[in-house]
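Visitor: One structure, pasted below without further comment.
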Amino acid sequence: MTIKPQKILPQKILILAANPKQTVRLRLDEELRDVKEGLQRSLNRENFELRYDLAVRPRDIRRAILDYRPNIIHFSGHGAGVQGLAFEDDTGFEQLVTGEALAGLFGQFSKQVECVLLNACYSEVQADAISQHINYVIGMNDQIGDKAAIEFVVGFYDAILAYNPQYDEGSPVEFAFNIARNAIELAGVSGESIPELKKKLI
(Lines give C-alpha, C1' and ligand atoms only; values in the text may rest on other atoms or scores of the structure.)
Protein backbone atom coordinates (compact mmCIF):
# COMPACT_ATOMS: atom_id res chain seq x y z
CA MET A 1 0.00 0.00 0.00
CA THR A 2 1.32 3.43 -0.99
CA ILE A 3 1.03 6.14 1.62
CA LYS A 4 0.50 9.53 0.10
CA PRO A 5 2.54 12.32 1.67
CA GLN A 6 0.44 14.78 3.66
CA LYS A 7 -0.21 18.00 1.83
CA ILE A 8 1.23 21.01 3.66
CA LEU A 9 -1.51 23.57 4.12
CA PRO A 10 -0.58 27.18 3.33
CA GLN A 11 -0.19 29.68 6.15
CA LYS A 12 -3.06 32.15 6.04
CA ILE A 13 -2.49 35.86 6.64
CA LEU A 14 -5.48 38.09 7.43
CA ILE A 15 -4.99 41.85 7.23
CA LEU A 16 -7.67 44.03 8.81
CA ALA A 17 -7.42 47.76 8.13
CA ALA A 18 -9.40 50.78 9.27
CA ASN A 19 -8.93 54.53 8.83
CA PRO A 20 -12.19 56.03 10.18
CA LYS A 21 -13.57 59.40 9.12
CA GLN A 22 -12.04 62.39 10.91
CA THR A 23 -8.88 60.47 11.84
CA VAL A 24 -5.46 61.21 10.37
CA ARG A 25 -5.11 59.61 6.96
CA LEU A 26 -2.72 56.65 6.95
CA ARG A 27 -0.96 55.15 3.93
CA LEU A 28 -2.76 51.82 4.32
CA ASP A 29 -3.04 51.29 0.57
CA GLU A 30 0.73 51.59 0.20
CA GLU A 31 1.33 49.19 3.08
CA LEU A 32 -1.02 46.62 1.57
CA ARG A 33 0.49 47.01 -1.90
CA ASP A 34 3.99 46.42 -0.56
CA VAL A 35 2.94 43.32 1.40
CA LYS A 36 1.22 41.86 -1.68
CA GLU A 37 4.29 42.64 -3.78
CA GLY A 38 6.51 40.83 -1.27
CA LEU A 39 4.22 37.79 -1.37
CA GLN A 40 4.20 37.69 -5.16
CA ARG A 41 8.00 37.85 -5.43
CA SER A 42 8.65 35.24 -2.72
CA LEU A 43 10.03 31.86 -3.76
CA ASN A 44 7.76 30.33 -1.10
CA ARG A 45 4.58 32.13 -2.17
CA GLU A 46 2.69 28.84 -2.65
CA ASN A 47 3.00 28.27 1.11
CA PHE A 48 1.06 31.43 2.01
CA GLU A 49 -2.36 32.91 1.35
CA LEU A 50 -3.42 36.52 1.93
CA ARG A 51 -6.82 38.04 2.61
CA TYR A 52 -7.40 41.69 3.43
CA ASP A 53 -10.49 43.54 4.61
CA LEU A 54 -10.73 47.34 4.59
CA ALA A 55 -12.91 49.79 6.58
CA VAL A 56 -13.35 47.06 9.18
CA ARG A 57 -16.10 47.25 11.80
CA PRO A 58 -15.95 45.23 15.06
CA ARG A 59 -18.30 42.52 13.79
CA ASP A 60 -16.17 42.20 10.63
CA ILE A 61 -13.24 41.00 12.76
CA ARG A 62 -15.22 38.01 14.03
CA ARG A 63 -16.68 37.18 10.64
CA ALA A 64 -13.31 37.35 8.87
CA ILE A 65 -11.67 35.02 11.39
CA LEU A 66 -14.56 32.55 11.33
CA ASP A 67 -14.64 32.49 7.52
CA TYR A 68 -10.90 32.47 6.83
CA ARG A 69 -9.34 30.74 9.87
CA PRO A 70 -6.03 32.65 9.67
CA ASN A 71 -2.67 31.80 11.24
CA ILE A 72 -1.53 35.44 11.31
CA ILE A 73 -3.87 38.35 12.10
CA HIS A 74 -2.59 41.81 11.21
CA PHE A 75 -4.32 45.08 12.09
CA SER A 76 -3.33 48.36 10.45
CA GLY A 77 -4.80 51.62 11.66
CA HIS A 78 -4.94 53.93 14.65
CA GLY A 79 -4.42 53.08 18.29
CA ALA A 80 -5.48 55.07 21.34
CA GLY A 81 -3.56 53.38 24.14
CA VAL A 82 -5.74 51.91 26.90
CA GLN A 83 -8.89 53.10 25.08
CA GLY A 84 -8.33 50.59 22.29
CA LEU A 85 -7.81 50.25 18.56
CA ALA A 86 -9.83 52.37 16.13
CA PHE A 87 -12.20 50.38 13.95
CA GLU A 88 -15.21 51.87 12.14
CA ASP A 89 -18.84 52.03 13.12
CA ASP A 90 -21.69 51.62 10.64
CA THR A 91 -21.35 55.24 9.51
CA GLY A 92 -17.58 55.12 9.03
CA PHE A 93 -16.65 57.00 12.18
CA GLU A 94 -14.29 55.76 14.89
CA GLN A 95 -15.32 52.93 17.21
CA LEU A 96 -12.68 51.91 19.75
CA VAL A 97 -12.24 48.24 20.66
CA THR A 98 -10.32 47.39 23.84
CA GLY A 99 -7.49 44.93 24.19
CA GLU A 100 -9.62 42.83 26.55
CA ALA A 101 -12.38 42.51 23.94
CA LEU A 102 -9.89 41.53 21.24
CA ALA A 103 -8.15 39.08 23.59
CA GLY A 104 -11.51 37.49 24.39
CA LEU A 105 -12.16 36.95 20.69
CA PHE A 106 -8.68 35.89 19.59
CA GLY A 107 -8.43 33.52 22.55
CA GLN A 108 -11.19 31.41 21.00
CA PHE A 109 -8.88 30.76 18.05
CA SER A 110 -5.60 30.12 19.86
CA LYS A 111 -5.19 26.67 18.28
CA GLN A 112 -4.80 28.21 14.82
CA VAL A 113 -3.66 31.82 15.34
CA GLU A 114 0.09 31.85 15.93
CA CYS A 115 0.77 35.57 15.65
CA VAL A 116 -1.09 38.88 15.92
CA LEU A 117 0.56 42.02 14.53
CA LEU A 118 -0.90 45.37 15.64
CA ASN A 119 0.56 48.00 13.33
CA ALA A 120 -0.97 50.93 15.21
CA CYS A 121 0.38 53.62 17.53
CA TYR A 122 0.29 52.91 21.27
CA SER A 123 -0.96 49.34 20.74
CA GLU A 124 1.37 47.70 23.28
CA VAL A 125 -1.43 47.60 25.85
CA GLN A 126 -3.60 45.56 23.47
CA ALA A 127 -0.62 43.32 22.68
CA ASP A 128 -0.18 42.60 26.38
CA ALA A 129 -3.81 41.52 26.73
CA ILE A 130 -3.83 39.38 23.58
CA SER A 131 -0.53 37.68 24.46
CA GLN A 132 -2.29 35.93 27.35
CA HIS A 133 -3.87 33.73 24.67
CA ILE A 134 -1.73 33.92 21.51
CA ASN A 135 1.89 32.71 21.22
CA TYR A 136 3.31 35.85 19.57
CA VAL A 137 1.87 39.37 19.56
CA ILE A 138 3.53 42.52 18.21
CA GLY A 139 2.44 45.96 19.36
CA MET A 140 3.84 49.50 19.32
CA ASN A 141 5.03 51.17 22.53
CA ASP A 142 4.74 54.72 21.13
CA GLN A 143 3.56 56.71 18.15
CA ILE A 144 5.08 55.32 14.95
CA GLY A 145 5.39 57.20 11.67
CA ASP A 146 3.95 55.92 8.39
CA LYS A 147 7.37 55.29 6.87
CA ALA A 148 8.64 53.28 9.84
CA ALA A 149 5.36 51.34 10.08
CA ILE A 150 5.49 50.36 6.42
CA GLU A 151 9.17 49.41 6.53
CA PHE A 152 8.53 47.25 9.60
CA VAL A 153 5.62 45.37 8.04
CA VAL A 154 7.35 44.81 4.70
CA GLY A 155 10.48 43.56 6.47
CA PHE A 156 8.38 41.28 8.69
CA TYR A 157 6.62 39.56 5.81
CA ASP A 158 9.76 39.38 3.65
CA ALA A 159 11.38 37.44 6.49
CA ILE A 160 8.37 35.25 7.32
CA LEU A 161 8.10 34.24 3.67
CA ALA A 162 11.81 33.48 3.37
CA TYR A 163 12.34 31.79 6.77
CA ASN A 164 14.51 28.68 6.58
CA PRO A 165 15.03 26.74 9.85
CA GLN A 166 18.28 25.33 8.47
CA TYR A 167 19.88 28.78 8.55
CA ASP A 168 17.74 31.16 10.59
CA GLU A 169 17.74 31.62 14.36
CA GLY A 170 14.64 31.36 16.53
CA SER A 171 11.03 30.81 15.49
CA PRO A 172 9.76 32.28 12.20
CA VAL A 173 8.03 35.13 14.09
CA GLU A 174 11.09 35.97 16.21
CA PHE A 175 13.34 35.91 13.15
CA ALA A 176 10.89 38.09 11.18
CA PHE A 177 10.51 40.54 14.07
CA ASN A 178 14.27 41.10 14.28
CA ILE A 179 14.57 41.55 10.51
CA ALA A 180 11.63 43.98 10.56
CA ARG A 181 13.14 46.13 13.30
CA ASN A 182 16.37 46.29 11.32
CA ALA A 183 14.39 47.25 8.20
CA ILE A 184 13.42 50.51 9.92
CA GLU A 185 17.10 51.24 10.62
CA LEU A 186 18.14 50.32 7.07
CA ALA A 187 15.58 52.79 5.71
CA GLY A 188 17.23 55.55 7.74
CA VAL A 189 14.13 56.47 9.71
CA SER A 190 13.62 56.50 13.47
CA GLY A 191 11.39 54.10 15.34
CA GLU A 192 13.23 50.77 15.42
CA SER A 193 12.71 50.51 19.20
CA ILE A 194 8.94 51.09 19.00
CA PRO A 195 7.75 47.61 17.92
CA GLU A 196 7.56 45.19 20.85
CA LEU A 197 7.27 41.40 20.64
CA LYS A 198 5.19 39.74 23.37
CA LYS A 199 5.30 36.00 23.93
CA LYS A 200 2.65 33.93 25.65
CA LEU A 201 3.78 32.66 29.04
CA ILE A 202 3.53 28.88 29.12
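Identifiers in the C-alpha coordinates: chain A, B, ... in order shown; residue index from 1 per chain; ligand index from 1 in order shown.
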Select from range 94-184 of chain A everything DSSP, run on the backbone, classes as alpha helix (DSSP H), then give the selection as a short mmCIF file (atom, residue, chain, number, x, y, z; two decimals) with N, CA and C atoms, in the first residue's frame.

Guide:
data_model
loop_
_atom_site.label_atom_id
_atom_site.label_comp_id
_atom_site.auth_asym_id
_atom_site.auth_seq_id
_atom_site.Cartn_x
_atom_site.Cartn_y
_atom_site.Cartn_z
N GLY A 99 -8.34 46.12 24.24
CA GLY A 99 -7.49 44.93 24.19
C GLY A 99 -8.16 43.73 24.81
N GLU A 100 -8.93 43.94 25.89
CA GLU A 100 -9.62 42.83 26.55
C GLU A 100 -10.66 42.20 25.63
N ALA A 101 -11.38 43.04 24.88
CA ALA A 101 -12.38 42.51 23.94
C ALA A 101 -11.71 41.71 22.83
N LEU A 102 -10.61 42.24 22.29
CA LEU A 102 -9.89 41.53 21.24
C LEU A 102 -9.29 40.23 21.77
N ALA A 103 -8.73 40.29 22.99
CA ALA A 103 -8.15 39.08 23.59
C ALA A 103 -9.22 38.01 23.80
N GLY A 104 -10.42 38.44 24.21
CA GLY A 104 -11.51 37.49 24.39
C GLY A 104 -11.90 36.80 23.10
N LEU A 105 -11.85 37.54 21.99
CA LEU A 105 -12.16 36.95 20.69
C LEU A 105 -11.02 36.07 20.19
N PHE A 106 -9.81 36.64 20.15
CA PHE A 106 -8.68 35.89 19.59
C PHE A 106 -8.38 34.63 20.40
N GLU A 124 0.71 48.67 22.39
CA GLU A 124 1.37 47.70 23.28
C GLU A 124 0.40 47.18 24.33
N VAL A 125 -0.49 48.03 24.81
CA VAL A 125 -1.43 47.60 25.85
C VAL A 125 -2.36 46.50 25.32
N GLN A 126 -2.79 46.62 24.07
CA GLN A 126 -3.60 45.56 23.47
C GLN A 126 -2.78 44.28 23.26
N ALA A 127 -1.51 44.47 22.87
CA ALA A 127 -0.62 43.32 22.68
C ALA A 127 -0.45 42.54 23.97
N ASP A 128 -0.32 43.27 25.08
CA ASP A 128 -0.18 42.60 26.38
C ASP A 128 -1.40 41.74 26.69
N ALA A 129 -2.58 42.27 26.44
CA ALA A 129 -3.81 41.52 26.73
C ALA A 129 -3.94 40.30 25.82
N ILE A 130 -3.67 40.47 24.54
CA ILE A 130 -3.83 39.38 23.58
C ILE A 130 -2.79 38.29 23.81
N ASP A 146 4.36 56.74 9.53
CA ASP A 146 3.95 55.92 8.39
C ASP A 146 5.13 55.18 7.77
N LYS A 147 6.21 55.89 7.54
CA LYS A 147 7.37 55.29 6.87
C LYS A 147 7.93 54.13 7.68
N ALA A 148 8.12 54.34 8.98
CA ALA A 148 8.64 53.28 9.84
C ALA A 148 7.67 52.11 9.91
N ALA A 149 6.37 52.40 9.99
CA ALA A 149 5.36 51.34 10.08
C ALA A 149 5.36 50.47 8.83
N ILE A 150 5.48 51.11 7.68
CA ILE A 150 5.49 50.36 6.42
C ILE A 150 6.76 49.54 6.30
N GLU A 151 7.91 50.15 6.61
CA GLU A 151 9.17 49.41 6.53
C GLU A 151 9.15 48.20 7.45
N PHE A 152 8.59 48.36 8.65
CA PHE A 152 8.53 47.25 9.60
C PHE A 152 7.70 46.11 9.03
N VAL A 153 6.52 46.41 8.54
CA VAL A 153 5.62 45.37 8.04
C VAL A 153 6.20 44.66 6.82
N VAL A 154 6.77 45.43 5.90
CA VAL A 154 7.35 44.81 4.70
C VAL A 154 8.52 43.90 5.09
N GLY A 155 9.38 44.38 6.00
CA GLY A 155 10.48 43.56 6.47
C GLY A 155 10.00 42.30 7.17
N PHE A 156 8.93 42.43 7.96
CA PHE A 156 8.38 41.28 8.69
C PHE A 156 7.92 40.19 7.72
N TYR A 157 7.14 40.57 6.72
CA TYR A 157 6.62 39.56 5.81
C TYR A 157 7.69 39.03 4.85
N ASP A 158 8.63 39.88 4.45
CA ASP A 158 9.76 39.38 3.65
C ASP A 158 10.45 38.24 4.39
N ALA A 159 10.66 38.43 5.70
CA ALA A 159 11.38 37.44 6.49
C ALA A 159 10.54 36.20 6.79
N ILE A 160 9.26 36.40 7.09
CA ILE A 160 8.37 35.25 7.32
C ILE A 160 8.33 34.36 6.08
N LEU A 161 8.21 35.00 4.92
CA LEU A 161 8.10 34.24 3.67
C LEU A 161 9.39 33.51 3.32
N ALA A 162 10.52 34.06 3.74
CA ALA A 162 11.81 33.48 3.37
C ALA A 162 12.42 32.61 4.47
N PRO A 172 10.00 31.38 13.34
CA PRO A 172 9.76 32.28 12.20
C PRO A 172 9.35 33.69 12.63
N VAL A 173 8.50 33.81 13.65
CA VAL A 173 8.03 35.13 14.09
C VAL A 173 9.17 35.92 14.73
N GLU A 174 9.96 35.27 15.57
CA GLU A 174 11.09 35.97 16.21
C GLU A 174 12.10 36.44 15.18
N PHE A 175 12.41 35.56 14.23
CA PHE A 175 13.34 35.91 13.15
C PHE A 175 12.80 37.10 12.35
N ALA A 176 11.51 37.04 11.98
CA ALA A 176 10.89 38.09 11.18
C ALA A 176 10.84 39.41 11.94
N PHE A 177 10.56 39.34 13.24
CA PHE A 177 10.51 40.54 14.07
C PHE A 177 11.86 41.26 14.08
N ASN A 178 12.94 40.50 14.25
CA ASN A 178 14.27 41.10 14.28
C ASN A 178 14.65 41.70 12.93
N ILE A 179 14.31 41.01 11.85
CA ILE A 179 14.57 41.55 10.51
C ILE A 179 13.77 42.83 10.30
N ALA A 180 12.52 42.83 10.77
CA ALA A 180 11.63 43.98 10.56
C ALA A 180 12.12 45.21 11.33
N ARG A 181 12.59 45.01 12.54
CA ARG A 181 13.14 46.13 13.30
C ARG A 181 14.35 46.72 12.57
N ASN A 182 15.19 45.83 12.06
CA ASN A 182 16.37 46.29 11.32
C ASN A 182 15.97 47.01 10.04
N ALA A 183 14.85 46.61 9.43
CA ALA A 183 14.39 47.25 8.20
C ALA A 183 14.13 48.74 8.42
N ILE A 184 13.63 49.10 9.61
CA ILE A 184 13.42 50.51 9.92
C ILE A 184 14.76 51.25 9.94
#

Visitor: Could you name the residues that touch range 73-87 of chain A at 8 Å or less, counting only C-alpha atoms, but leaving out those on the same chain fewer than 2 positions away, as a VMD selection string?

Guide: chain A and resid 13 to 20 26 28 55 to 58 70 to 71 89 94 to 99 113 115 to 126

Visitor: Hey, which of A:Arg59, A:Gly145, A:Arg69, A:Gln132 ends up closest to Gln112 in chain A? Count only C-alpha atoms.

Guide: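 When distances to Gln112 in chain A are compared using only C-alpha atoms, the smallest one comes from A:Arg69.
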